[in-house]
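K.L.:
Here you go, structure-v6.txt (compact mmCIF, C-alpha atoms and all ligand atoms):
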# COMPACT_ATOMS: atom_id res chain seq x y z
CA MET A 290 -110.62 155.78 -75.35
CA ASN A 291 -110.56 156.71 -71.69
CA PRO A 292 -107.60 158.73 -70.51
CA ILE A 293 -105.40 156.65 -68.33
CA ASN A 294 -102.43 158.88 -67.86
CA TYR A 295 -100.97 162.26 -68.67
CA ASN A 296 -97.30 161.19 -68.74
CA GLN A 297 -96.31 162.68 -72.10
CA SER A 298 -97.95 165.99 -71.23
CA ALA A 299 -96.19 166.00 -67.86
CA ALA A 300 -92.83 165.47 -69.59
CA LEU A 301 -93.53 168.19 -72.18
CA LEU A 302 -94.59 170.56 -69.43
CA GLU A 303 -91.23 170.13 -67.70
CA ARG A 304 -89.50 170.85 -71.01
CA ALA A 305 -91.77 173.83 -71.70
CA LYS A 306 -91.07 175.33 -68.28
CA LYS A 307 -87.44 175.79 -69.27
CA VAL A 308 -88.42 178.12 -72.10
CA LEU A 309 -91.97 179.37 -71.49
CA ALA A 310 -92.68 181.08 -68.18
CA GLY A 311 -94.73 178.54 -66.25
CA GLY A 312 -94.75 176.35 -69.34
CA VAL A 313 -97.70 178.20 -70.89
CA SER A 314 -98.67 181.25 -72.92
CA SER A 315 -101.75 182.25 -70.92
CA GLU A 316 -102.29 182.07 -67.17
CA PHE A 317 -105.54 180.11 -67.43
CA ARG A 318 -103.87 177.23 -69.24
CA LYS A 319 -102.02 176.31 -66.06
CA TYR A 320 -105.28 175.24 -64.47
CA ASN A 321 -106.11 172.32 -66.67
CA HIS A 322 -106.52 168.99 -64.91
CA PRO A 323 -104.16 167.68 -63.65
CA HIS A 324 -101.78 170.33 -65.05
CA ALA A 325 -101.23 172.16 -68.33
CA LEU A 326 -101.71 169.62 -71.12
CA PHE A 327 -100.39 169.40 -74.65
CA TYR A 328 -102.69 168.66 -77.55
CA THR A 329 -102.09 167.20 -80.97
CA HIS A 330 -105.31 168.01 -82.81
CA GLY A 331 -108.97 168.87 -82.57
CA LYS A 332 -111.87 167.88 -84.82
CA GLY A 333 -115.55 168.63 -84.37
CA THR A 334 -116.45 168.06 -80.73
CA ARG A 335 -113.21 166.23 -79.94
CA ILE A 336 -109.74 167.24 -78.86
CA TYR A 337 -106.78 164.86 -78.51
CA ASP A 338 -103.74 165.15 -76.28
CA VAL A 339 -100.18 163.87 -76.70
CA ASP A 340 -100.93 160.86 -74.48
CA GLY A 341 -103.51 159.70 -76.99
CA ASN A 342 -106.43 160.70 -74.80
CA GLU A 343 -109.59 161.80 -76.55
CA TYR A 344 -111.93 164.32 -74.93
CA LEU A 345 -115.46 165.35 -75.71
CA ASP A 346 -114.80 169.06 -75.52
CA PHE A 347 -117.12 171.51 -73.79
CA THR A 348 -114.42 174.15 -73.24
CA LEU A 349 -114.28 175.02 -76.94
CA SER A 350 -111.00 176.82 -76.28
CA GLN A 351 -112.69 179.06 -73.67
CA GLY A 352 -115.57 179.79 -76.03
CA PRO A 353 -114.38 180.64 -79.53
CA LEU A 354 -115.09 177.30 -81.25
CA ILE A 355 -118.81 177.73 -81.72
CA LEU A 356 -118.64 175.57 -84.87
CA GLY A 357 -116.43 172.99 -83.15
CA HIS A 358 -112.76 172.26 -83.87
CA SER A 359 -111.36 172.57 -87.38
CA HIS A 360 -114.62 173.36 -89.15
CA PRO A 361 -113.85 172.44 -92.79
CA GLU A 362 -115.45 175.53 -94.35
CA VAL A 363 -113.57 177.83 -92.01
CA THR A 364 -110.20 176.16 -92.48
CA ALA A 365 -110.70 176.10 -96.28
CA ALA A 366 -111.62 179.79 -96.37
CA ILE A 367 -108.55 180.67 -94.32
CA ALA A 368 -106.27 178.60 -96.55
CA ASP A 369 -107.75 180.12 -99.73
CA TYR A 370 -107.62 183.71 -98.60
CA SER A 371 -104.17 183.37 -97.03
CA ARG A 372 -102.80 182.16 -100.34
CA THR A 373 -103.53 185.59 -101.80
CA GLY A 374 -101.61 187.39 -99.05
CA GLN A 375 -101.41 187.71 -95.29
CA LEU A 376 -101.32 191.32 -94.21
CA TYR A 377 -101.18 194.45 -96.33
CA ALA A 378 -100.86 197.38 -93.95
CA GLY A 379 -103.83 198.38 -96.00
CA GLN A 380 -107.43 197.49 -96.69
CA HIS A 381 -108.93 194.53 -98.52
CA LEU A 382 -112.33 193.55 -99.82
CA LYS A 383 -113.31 190.85 -97.33
CA GLU A 384 -112.70 193.27 -94.48
CA ILE A 385 -115.54 195.44 -95.82
CA GLU A 386 -117.72 192.38 -96.37
CA LEU A 387 -117.22 191.31 -92.76
CA ALA A 388 -117.98 194.78 -91.44
CA GLU A 389 -121.07 195.05 -93.67
CA LYS A 390 -122.34 191.73 -92.38
CA MET A 391 -121.80 192.77 -88.76
CA GLN A 392 -123.49 196.10 -89.39
CA GLU A 393 -126.47 194.23 -90.80
CA ILE A 394 -126.89 191.80 -87.88
CA ILE A 395 -125.76 193.67 -84.74
CA PRO A 396 -128.14 196.42 -83.59
CA SER A 397 -125.48 198.87 -82.32
CA ALA A 398 -122.97 198.27 -85.12
CA GLU A 399 -123.21 201.51 -87.09
CA LEU A 400 -119.42 201.73 -87.30
CA ILE A 401 -116.80 199.10 -86.58
CA ARG A 402 -113.06 198.72 -85.97
CA PHE A 403 -111.28 195.38 -85.88
CA CYS A 404 -108.69 194.53 -83.22
CA LEU A 405 -106.93 191.32 -82.26
CA ASP A 406 -108.49 190.32 -78.96
CA GLY A 407 -111.13 191.22 -76.42
CA SER A 408 -108.73 193.03 -74.10
CA THR A 409 -107.62 195.62 -76.63
CA ALA A 410 -111.11 196.12 -78.04
CA VAL A 411 -112.37 196.94 -74.53
CA GLN A 412 -109.66 199.59 -74.17
CA THR A 413 -110.61 201.08 -77.53
CA ALA A 414 -114.19 201.52 -76.35
CA PHE A 415 -112.98 203.18 -73.13
CA ARG A 416 -110.87 205.61 -75.11
CA VAL A 417 -113.78 206.61 -77.31
CA ALA A 418 -116.01 207.04 -74.24
CA ARG A 419 -113.45 209.27 -72.54
CA ALA A 420 -112.85 211.37 -75.61
CA LYS A 421 -116.54 212.07 -76.15
CA THR A 422 -117.51 212.70 -72.54
CA GLY A 423 -114.34 214.43 -71.35
CA ARG A 424 -114.58 212.24 -68.23
CA ASP A 425 -112.13 209.62 -67.03
CA LYS A 426 -113.74 206.84 -65.05
CA PHE A 427 -115.83 203.81 -65.85
CA ILE A 428 -118.21 201.83 -63.70
CA ARG A 429 -117.54 198.10 -63.73
CA PHE A 430 -119.12 195.23 -61.85
CA GLU A 431 -117.76 192.71 -59.37
CA GLY A 432 -116.69 189.43 -60.91
CA HIS A 433 -117.02 190.53 -64.52
CA TYR A 434 -113.99 189.93 -66.70
CA HIS A 435 -112.93 192.43 -69.33
CA GLY A 436 -109.43 191.18 -70.12
CA TRP A 437 -106.11 191.24 -68.39
CA LEU A 438 -104.90 194.83 -68.91
CA ASP A 439 -104.28 196.97 -65.84
CA ASN A 440 -107.42 199.06 -65.48
CA VAL A 441 -109.77 196.07 -65.70
CA CYS A 442 -107.72 193.87 -63.37
CA TRP A 443 -109.21 195.61 -60.36
CA GLY A 444 -112.41 194.14 -59.00
CA ASN A 445 -112.65 190.99 -61.12
CA ALA A 446 -111.28 188.63 -58.48
CA ALA A 447 -111.22 188.46 -54.70
CA ALA A 448 -109.65 185.95 -52.36
CA SER A 449 -112.69 185.84 -50.08
CA LEU A 450 -116.02 187.47 -49.38
CA GLU A 451 -114.43 189.40 -46.50
CA ALA A 452 -111.82 190.83 -48.87
CA MET A 453 -114.64 192.38 -50.90
CA GLY A 454 -115.73 194.77 -48.15
CA GLU A 455 -119.21 196.23 -47.73
CA ARG A 456 -121.63 195.56 -50.56
CA THR A 457 -122.41 199.24 -50.98
CA GLN A 458 -118.72 200.18 -50.90
CA PRO A 459 -116.85 197.32 -52.54
CA VAL A 460 -113.08 196.99 -52.21
CA SER A 461 -111.37 196.81 -55.59
CA ASN A 462 -108.93 193.92 -55.24
CA GLY A 463 -106.15 193.61 -57.80
CA TRP A 464 -105.97 190.33 -59.70
CA SER A 465 -102.22 190.60 -60.24
CA LYS A 466 -99.18 192.21 -58.74
CA GLY A 467 -97.55 194.84 -60.90
CA LEU A 468 -100.68 196.81 -61.76
CA ALA A 469 -100.17 200.57 -61.88
CA ASN A 470 -101.78 201.97 -58.75
CA ALA A 471 -103.22 204.83 -60.77
CA SER A 472 -105.15 202.32 -62.89
CA LYS A 473 -107.20 201.41 -59.83
CA GLU A 474 -108.62 204.92 -59.80
CA GLU A 475 -110.00 204.52 -63.31
CA SER A 476 -112.88 202.32 -62.23
CA ILE A 477 -115.75 202.54 -59.79
CA LEU A 478 -116.63 199.04 -58.67
CA LEU A 479 -120.22 198.00 -57.92
CA PRO A 480 -122.05 194.72 -57.34
CA TRP A 481 -124.00 193.57 -60.39
CA ASN A 482 -127.76 193.48 -60.75
CA ASP A 483 -128.31 196.30 -58.24
CA LEU A 484 -129.79 199.12 -60.26
CA GLU A 485 -130.55 201.26 -57.25
CA LEU A 486 -126.90 201.34 -56.28
CA VAL A 487 -125.87 202.22 -59.84
CA GLU A 488 -128.46 205.05 -59.84
CA LYS A 489 -127.20 206.41 -56.56
CA THR A 490 -123.54 206.21 -57.57
CA VAL A 491 -124.10 207.85 -60.94
CA ALA A 492 -126.22 210.61 -59.41
CA GLU A 493 -123.29 211.46 -57.11
CA LYS A 494 -120.39 210.98 -59.49
CA HIS A 495 -121.66 211.40 -63.04
CA MET A 496 -119.30 214.26 -63.81
CA GLU A 497 -116.43 211.74 -63.52
CA ILE A 498 -118.03 208.82 -65.36
CA ALA A 499 -117.36 208.21 -69.04
CA ALA A 500 -118.75 204.68 -69.33
CA ILE A 501 -120.53 201.80 -67.71
CA ILE A 502 -119.20 198.45 -68.89
CA THR A 503 -121.00 195.18 -68.31
CA GLU A 504 -121.07 191.63 -69.56
CA PRO A 505 -124.75 191.36 -70.55
CA VAL A 506 -124.69 187.88 -69.02
CA MET A 507 -122.13 187.49 -66.25
CA CYS A 508 -120.59 184.52 -67.98
CA ASN A 509 -117.30 184.57 -66.16
CA ASN A 510 -118.75 183.79 -62.75
CA ASN A 511 -121.68 181.40 -62.43
CA CYS A 512 -123.22 182.47 -65.75
CA ILE A 513 -125.67 184.87 -64.15
CA LEU A 514 -128.48 186.38 -66.19
CA PRO A 515 -129.25 190.08 -65.78
CA GLY A 516 -132.12 190.82 -63.43
CA GLU A 517 -135.45 191.90 -64.93
CA GLY A 518 -135.01 195.43 -66.29
CA PHE A 519 -131.36 195.72 -65.21
CA LEU A 520 -129.82 196.24 -68.65
CA GLN A 521 -132.61 198.61 -69.70
CA GLY A 522 -132.09 200.44 -66.40
CA LEU A 523 -128.40 200.89 -67.23
CA ARG A 524 -129.44 202.14 -70.68
CA ASP A 525 -131.75 204.74 -69.13
CA ILE A 526 -129.15 205.93 -66.62
CA CYS A 527 -126.52 206.29 -69.35
CA ASP A 528 -128.96 208.25 -71.52
CA ARG A 529 -129.84 210.55 -68.64
CA TYR A 530 -126.22 211.41 -67.84
CA GLY A 531 -124.55 211.20 -71.28
CA ILE A 532 -122.52 208.14 -70.28
CA ALA A 533 -121.44 205.44 -72.74
CA LEU A 534 -123.08 202.08 -72.18
CA ILE A 535 -120.59 199.41 -73.23
CA PHE A 536 -121.62 195.77 -73.57
CA ASP A 537 -118.73 193.35 -73.33
CA GLU A 538 -120.06 190.73 -75.72
CA VAL A 539 -116.79 188.83 -75.93
CA ILE A 540 -118.65 185.71 -74.78
CA THR A 541 -122.30 186.48 -75.55
CA GLY A 542 -121.55 187.67 -79.10
CA PHE A 543 -122.54 185.08 -81.73
CA ARG A 544 -123.36 182.72 -78.88
CA LEU A 545 -126.78 184.01 -77.84
CA GLY A 546 -127.58 184.75 -81.47
CA LEU A 547 -126.18 186.61 -84.46
CA GLY A 548 -127.15 189.96 -82.95
CA GLY A 549 -125.53 189.14 -79.61
CA ALA A 550 -127.00 189.82 -76.19
CA GLN A 551 -128.16 193.24 -77.37
CA LEU A 552 -130.66 191.67 -79.74
CA TYR A 553 -131.49 188.85 -77.35
CA PHE A 554 -132.35 191.23 -74.50
CA GLY A 555 -133.54 194.10 -76.69
CA VAL A 556 -131.23 196.70 -75.16
CA VAL A 557 -128.90 198.55 -77.51
CA PRO A 558 -125.60 199.76 -76.02
CA ASP A 559 -123.58 202.69 -77.35
CA MET A 560 -120.59 200.48 -78.01
CA SER A 561 -119.86 196.82 -77.67
CA VAL A 562 -117.01 194.42 -78.00
CA PHE A 563 -117.09 191.11 -79.87
CA ALA A 564 -114.40 188.42 -79.99
CA LYS A 565 -114.34 184.67 -79.16
CA ALA A 566 -117.15 182.99 -81.14
CA MET A 567 -116.76 185.55 -83.92
CA ALA A 568 -113.95 183.71 -85.69
CA SER A 569 -113.66 180.03 -84.72
CA GLY A 570 -110.44 180.50 -82.76
CA TYR A 571 -108.67 183.10 -84.89
CA PRO A 572 -107.35 186.28 -83.26
CA ILE A 573 -109.84 188.95 -84.17
CA SER A 574 -112.16 191.14 -82.17
CA ALA A 575 -114.33 194.10 -82.99
CA VAL A 576 -115.39 197.25 -81.25
CA VAL A 577 -118.71 198.26 -82.72
CA GLY A 578 -120.91 201.18 -81.86
CA LYS A 579 -123.24 203.97 -82.70
CA LYS A 580 -121.97 206.61 -85.06
CA GLU A 581 -122.33 209.38 -82.50
CA TRP A 582 -119.56 207.67 -80.47
CA MET A 583 -117.54 205.84 -83.10
CA HIS A 584 -117.22 208.87 -85.38
CA LEU A 585 -114.35 209.97 -83.15
CA LEU A 586 -112.32 207.18 -84.72
CA GLU A 587 -113.16 208.42 -88.23
CA ASN A 588 -111.13 211.59 -88.14
CA GLY A 589 -108.36 210.47 -85.78
CA THR A 590 -109.68 212.33 -82.75
CA VAL A 591 -109.33 208.94 -81.09
CA ILE A 592 -106.44 206.79 -82.20
CA HIS A 593 -106.84 203.08 -82.61
CA ALA A 594 -104.11 201.14 -84.40
CA GLY A 595 -102.42 197.77 -84.67
CA THR A 596 -99.95 196.32 -87.16
CA MET A 597 -101.63 192.92 -87.15
CA ASN A 598 -105.25 194.10 -87.33
CA SER A 599 -107.52 192.54 -89.97
CA GLY A 600 -105.06 190.19 -91.58
CA ASN A 601 -106.40 187.92 -94.28
CA ALA A 602 -106.62 184.75 -92.19
CA THR A 603 -108.53 186.35 -89.33
CA ILE A 604 -110.97 188.17 -91.59
CA ALA A 605 -111.65 185.01 -93.60
CA ALA A 606 -112.16 183.06 -90.36
CA ALA A 607 -114.67 185.58 -89.02
CA LEU A 608 -116.56 186.10 -92.26
CA THR A 609 -116.94 182.37 -92.86
CA THR A 610 -117.90 181.61 -89.25
CA ILE A 611 -120.64 184.23 -89.37
CA GLN A 612 -121.82 183.09 -92.80
CA VAL A 613 -122.08 179.49 -91.59
CA LEU A 614 -124.01 180.59 -88.51
CA GLU A 615 -126.32 182.70 -90.64
CA ARG A 616 -126.92 179.89 -93.13
CA ASP A 617 -127.36 177.05 -90.62
CA LYS A 618 -129.45 178.97 -88.06
CA PRO A 619 -128.24 176.83 -85.15
CA TYR A 620 -129.42 178.93 -82.23
CA GLU A 621 -132.72 177.26 -81.41
CA ARG A 622 -130.93 173.93 -81.37
CA LEU A 623 -127.99 175.29 -79.31
CA PHE A 624 -130.38 176.61 -76.67
CA ALA A 625 -132.37 173.36 -76.62
CA LEU A 626 -129.27 171.19 -76.41
CA GLY A 627 -127.82 173.32 -73.63
CA LYS A 628 -131.05 173.20 -71.66
CA TYR A 629 -131.24 169.43 -72.14
CA PHE A 630 -127.69 169.11 -70.78
CA MET A 631 -128.51 171.41 -67.86
CA GLU A 632 -131.63 169.49 -66.92
CA GLY A 633 -129.82 166.17 -67.26
CA LEU A 634 -127.08 167.34 -64.90
CA ARG A 635 -129.65 168.43 -62.33
CA LYS A 636 -131.32 165.01 -62.51
CA ALA A 637 -128.01 163.14 -62.33
CA ALA A 638 -126.99 165.16 -59.28
CA ALA A 639 -130.34 164.65 -57.56
CA ALA A 640 -130.21 160.92 -58.26
CA THR A 641 -126.83 160.69 -56.55
CA GLY A 642 -127.57 162.89 -53.53
CA HIS A 643 -125.75 166.03 -54.65
CA THR A 644 -127.07 169.56 -54.41
CA ILE A 645 -125.92 171.48 -57.42
CA LEU A 646 -126.93 174.64 -59.21
CA VAL A 647 -126.86 174.70 -63.01
CA GLN A 648 -127.63 178.11 -64.44
CA GLY A 649 -127.22 180.02 -67.67
CA PRO A 650 -129.07 180.53 -70.93
CA GLY A 651 -128.11 177.19 -72.54
CA PRO A 652 -125.46 177.77 -75.24
CA MET A 653 -123.28 178.43 -72.20
CA PHE A 654 -124.04 177.56 -68.60
CA CYS A 655 -122.30 177.02 -65.30
CA ILE A 656 -122.30 174.13 -62.84
CA SER A 657 -121.70 174.84 -59.15
CA PHE A 658 -122.07 172.99 -55.90
CA THR A 659 -124.30 175.11 -53.71
CA ALA A 660 -127.62 174.80 -51.95
CA LYS A 661 -128.70 178.20 -53.30
CA GLN A 662 -131.61 178.28 -55.74
CA SER A 663 -129.74 180.88 -57.78
CA VAL A 664 -126.50 182.83 -57.66
CA ASP A 665 -127.30 186.43 -58.49
CA ASP A 666 -124.02 188.24 -58.08
CA TYR A 667 -120.34 187.59 -57.54
CA ARG A 668 -120.69 187.70 -53.77
CA ASP A 669 -123.16 184.80 -53.91
CA SER A 670 -120.59 182.73 -55.74
CA PHE A 671 -118.54 182.44 -52.54
CA SER A 672 -121.26 180.09 -51.25
CA CYS A 673 -120.19 177.52 -53.85
CA ASP A 674 -118.04 174.55 -52.88
CA LYS A 675 -115.05 174.98 -55.18
CA GLY A 676 -113.31 171.85 -53.88
CA GLN A 677 -116.25 169.67 -54.85
CA LEU A 678 -116.43 171.37 -58.25
CA SER A 679 -112.74 170.62 -58.84
CA ARG A 680 -113.29 166.96 -57.99
CA PHE A 681 -116.22 166.85 -60.41
CA ILE A 682 -114.28 168.53 -63.24
CA ALA A 683 -111.28 166.24 -62.62
CA GLY A 684 -113.51 163.15 -62.57
CA MET A 685 -115.13 164.16 -65.85
CA HIS A 686 -111.74 164.88 -67.40
CA ASP A 687 -110.29 161.53 -66.35
CA ARG A 688 -113.25 159.93 -68.13
CA GLY A 689 -112.84 161.94 -71.35
CA ILE A 690 -115.12 164.95 -70.83
CA ARG A 691 -113.46 168.36 -70.89
CA ILE A 692 -115.14 171.22 -69.02
CA ILE A 693 -113.65 174.57 -67.96
CA GLY A 694 -112.36 174.41 -64.37
CA ARG A 695 -114.76 177.00 -63.02
CA GLY A 696 -117.72 174.90 -64.17
CA LEU A 697 -118.46 176.80 -67.38
CA VAL A 698 -119.81 174.69 -70.24
CA TYR A 699 -119.94 175.77 -73.87
CA ILE A 700 -122.01 173.99 -76.52
CA SER A 701 -121.01 174.06 -80.18
CA THR A 702 -123.07 173.51 -83.30
CA ALA A 703 -121.12 170.26 -83.73
CA HIS A 704 -122.38 168.69 -80.48
CA LYS A 705 -125.01 166.00 -80.88
CA LYS A 706 -127.69 164.85 -78.47
CA GLU A 707 -126.02 161.43 -78.17
CA GLU A 708 -122.83 163.14 -77.02
CA ILE A 709 -124.72 165.05 -74.37
CA ASP A 710 -126.32 161.76 -73.29
CA HIS A 711 -122.87 160.23 -73.02
CA ALA A 712 -121.63 163.20 -70.97
CA LEU A 713 -124.62 162.77 -68.66
CA THR A 714 -123.93 159.07 -68.15
CA VAL A 715 -120.36 159.95 -67.24
CA ALA A 716 -121.52 162.79 -64.98
CA GLU A 717 -123.72 160.41 -63.02
CA LYS A 718 -120.74 158.09 -62.49
CA VAL A 719 -118.61 161.01 -61.35
CA PHE A 720 -121.30 162.29 -58.98
CA LYS A 721 -121.39 158.82 -57.44
CA ALA A 722 -117.62 158.72 -57.17
CA ILE A 723 -117.22 162.04 -55.41
C1 LIG B 801 -116.25 188.89 -71.19
C2 LIG B 801 -114.83 188.95 -71.61
N1 LIG B 801 -114.31 190.14 -71.95
C3 LIG B 801 -113.03 190.26 -72.35
C4 LIG B 801 -112.20 189.17 -72.42
C5 LIG B 801 -110.79 189.33 -72.87
O1 LIG B 801 -110.65 188.81 -74.15
P1 LIG B 801 -109.23 188.30 -74.67
O2 LIG B 801 -108.86 187.13 -73.82
O3 LIG B 801 -109.49 187.95 -76.10
O4 LIG B 801 -108.29 189.45 -74.52
C6 LIG B 801 -112.70 187.91 -72.07
C7 LIG B 801 -111.84 186.72 -72.11
O5 LIG B 801 -112.17 185.66 -71.63
C8 LIG B 801 -114.04 187.80 -71.65
O6 LIG B 801 -114.58 186.63 -71.27
Could you show the structure in this file as structure tokens?

P.N.:
Amino acid sequence: MNPINYNQSAALLERAKKVLAGGVSSEFRKYNHPHALFYTHGKGTRIYDVDGNEYLDFTLSQGPLILGHSHPEVTAAIADYSRTGQLYAGQHLKEIELAEKMQEIIPSAELIRFCLDGSTAVQTAFRVARAKTGRDKFIRFEGHYHGWLDNVCWGNAAASLEAMGERTQPVSNGWSKGLANASKEESILLPWNDLELVEKTVAEKHMEIAAIITEPVMCNNNCILPGEGFLQGLRDICDRYGIALIFDEVITGFRLGLGGAQLYFGVVPDMSVFAKAMASGYPISAVVGKKEWMHLLENGTVIHAGTMNSGNATIAAALTTIQVLERDKPYERLFALGKYFMEGLRKAAAATGHTILVQGPGPMFCISFTAKQSVDDYRDSFSCDKGQLSRFIAGMHDRGIRIIGRGLVYISTAHKKEEIDHALTVAEKVFKAI
């Protein structure tokens, strides 16, 4: 059924605003079309809102639902394991099984700690890096997202290209008010995919630098692939100067393959962070890494804690998700389906006189309205027509296709070719309409 109105959601949003700040529990949820919406249930590739609208879902809850909504094996495993208990302030068997599985499939995962979300896992990796190197700062890249905590809120968003300053000396803009000023000093901001600039910066400042953190694919802005040799170049620089290379695999993990981007690109970081697709929507993340770094967590030199870590439901969700992925081997199909969708969008746009760019590896990709042949770093993304993108996303949404507002598309193992064909038919209509 095509959505015709959002009246019930609008009414619930007004009610929610009286008790929840802004009516939501995460900033990004405000930016749904036409406003924050309220959902009743999700199944497979579909999600349903309180107005009875059904959407073919390509947001997958911002990435986690790699098996689609409410995967029966995952929900059954959670129900079963939760019946035995919820949280022990102690260890349990499936926690070891999950860690053993991750150790087996992720190249850098010699030792592992579980956390609740990507943001805290990133901070755990920073702490380990600082403890081992005795240095304080980390290099991060423009437009990458590493969570919402203070020290990574600098440099991930800018109001305009001008606000970003010179390319060789970027200005670190804060994403939020209320950030501790001192937290700005923790990072050195650089444009992505510019190895020469990283080399130069590290040569000058290596005595201050504990870590380099990167999304291996810059998923959060335009889904940009790393330039030829860039990740290996970071690896070499980190080796030369004793710096921790941290891959933020919150999106790429279990999405590019079971071994994450590190196996896909053949570059092994010192530590990495997994979350999202790891557990079908349950709150668990992992910081994994080589023993020579992670051993600091073994003897309490570095403290990592959390009352809610590795509860039964989250461990069962992750273990089952990974087991299903391992059994079903969906990756070739996910890549093919994504590429088919990407190519179809390009054709639909061309047929209707639009110039768009669709880029990304396939299991996730990004749509933007720009005449550029490729967007290679965050600065390039300012060339994209965000107004036109919003009209496209809104048009798709009003016709029952749900895509993340910044043009990011996620494919799940539940999506079928016929559904992609349907989305493409709708996309062509929307292109014509805008
Ligand atoms: C690459 C990346 N790192 C870290 C995070 C933060 O993860 P979380 O929202 O689970 O704290 C995100 C969230 O979108 C992300 O995309």

K.L.:
For a test of reading the model, state the distance in Å between atom CA of A:Leu626 and atom CA of A:Val698, rounded to one decimal.

P.N.:
11.8 Å

K.L.:
Which neighbours of A:Ile293 fall inside 10 Å, counting only C-alpha atoms, when residues of the same chain fewer than 2 positions from it are skipped, and could you give them as a PyMOL selection string?

P.N.:
chain A and resi 290-291+295-296+340-342+687-689

K.L.:
Enclose the full set of atoms of ligand LIG 801 (chain B) listed in the file within a box whose edges lie along x, y and z, apply 3 Å of padding to each of the six sides, and report centre and edge lengths in Å to one decimal as AutoDock Vina command-line options.

P.N.:
--center_x -112.3 --center_y 188.0 --center_z -73.6 --size_x 14.0 --size_y 10.6 --size_z 10.9

K.L.:
List the neighbours of A:Ile401 out to 7 Å using all atoms listed in the file; skip same-chain residues closer than 3 positions along the sequence, and give me the result as number ranges by chain.

P.N.:
A: 388, 398, 575-578

K.L.:
Quick one: which chain A residues come within 9 Å of ligand LIG 801 (chain B), and what is the nearest atom pair for each with the distance in Å to one decimal, counting all atoms listed in the file, rows ordered by chain and ascending number, as a Markdown table?

P.N.:
| residue | atom | partner | partner_atom | distance |
| --- | --- | --- | --- | --- |
| A:Gln351 | CA | B:LIG801 | O5 | 6.9 |
| A:Gly352 | CA | B:LIG801 | O5 | 8.1 |
| A:Leu405 | CA | B:LIG801 | O3 | 7.5 |
| A:Asp406 | CA | B:LIG801 | O3 | 3.8 |
| A:Gly407 | CA | B:LIG801 | O1 | 3.3 |
| A:Ser408 | CA | B:LIG801 | O4 | 3.6 |
| A:Thr409 | CA | B:LIG801 | O4 | 6.6 |
| A:Ala410 | CA | B:LIG801 | O4 | 8.1 |
| A:Val411 | CA | B:LIG801 | C3 | 7.1 |
| A:His433 | CA | B:LIG801 | C1 | 6.9 |
| A:Tyr434 | CA | B:LIG801 | C2 | 5.1 |
| A:His435 | CA | B:LIG801 | C3 | 3.7 |
| A:Gly436 | CA | B:LIG801 | C5 | 3.6 |
| A:Trp437 | CA | B:LIG801 | O4 | 6.7 |
| A:Leu438 | CA | B:LIG801 | O4 | 8.5 |
| A:Thr503 | CA | B:LIG801 | C1 | 8.4 |
| A:Glu504 | CA | B:LIG801 | C1 | 5.8 |
| A:Pro505 | CA | B:LIG801 | C1 | 8.9 |
| A:Val506 | CA | B:LIG801 | C1 | 8.8 |
| A:Met507 | CA | B:LIG801 | C1 | 7.8 |
| A:Cys508 | CA | B:LIG801 | C1 | 6.9 |
| A:Asn509 | CA | B:LIG801 | O6 | 6.1 |
| A:Asp537 | CA | B:LIG801 | C1 | 5.5 |
| A:Glu538 | CA | B:LIG801 | C1 | 6.2 |
| A:Val539 | CA | B:LIG801 | C2 | 4.7 |
| A:Ile540 | CA | B:LIG801 | C1 | 5.4 |
| A:Thr541 | CA | B:LIG801 | C1 | 7.8 |
| A:Val562 | CA | B:LIG801 | N1 | 7.9 |
| A:Phe563 | CA | B:LIG801 | N1 | 8.4 |
| A:Ala564 | CA | B:LIG801 | O3 | 6.3 |
| A:Lys565 | CA | B:LIG801 | O3 | 6.6 |
| A:Pro572 | CA | B:LIG801 | O3 | 7.7 |
| A:Ile573 | CA | B:LIG801 | O3 | 8.1 |
| A:Ser574 | CA | B:LIG801 | O3 | 7.4 |

K.L.:
Can you pull out the residues contacting A:Lys473? Cut-off 8 Å, using all atoms listed in the file, and skip same-chain residues under 4 positions away; I want them as a PyMOL selection string.

P.N.:
chain A and resi 440+443+461+469

K.L.:
Counting all atoms listed in the file, which of A:Ile532, A:Val363, A:Leu585, A:Leu697 gets nearest to A:Val417?

P.N.:
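For A:Val417, the nearest of the given residues is A:Leu585.
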
K.L.:
Determine, for each residue of stretch 584-629 of chain A having at least one atom at most 12 Å from an atom of stretch 420-431 of chain A, the closest pair of atoms and their separation in Å to one decimal, counting all atoms listed in the file; order by chain and ascending number, as CSV.

P.N.:
residue,atom,partner,partner_atom,distance
A:His584,CA,A:Lys421,CA,9.8
A:Leu585,CA,A:Lys421,CA,7.6
A:Leu586,CA,A:Ala420,CA,10.0
A:Gly589,CA,A:Ala420,CA,11.2
A:Thr590,CA,A:Ala420,CA,7.9
A:Val591,CA,A:Ala420,CA,7.0
A:Ile592,CA,A:Ala420,CA,10.3

K.L.:
Any chance you can output those residues with C-alpha atoms as a compact mmCIF listing (two decimals), keeping the file's coordinate frame?

P.N.:
# COMPACT_ATOMS: atom_id res chain seq x y z
CA HIS A 584 -117.22 208.87 -85.38
CA LEU A 585 -114.35 209.97 -83.15
CA LEU A 586 -112.32 207.18 -84.72
CA GLY A 589 -108.36 210.47 -85.78
CA THR A 590 -109.68 212.33 -82.75
CA VAL A 591 -109.33 208.94 -81.09
CA ILE A 592 -106.44 206.79 -82.20

K.L.:
For a test of reading the model, state the distance in Å between atom CA of A:Leu713 and atom CA of A:Ile690, rounded to one decimal.

P.N.:
10.0 Å
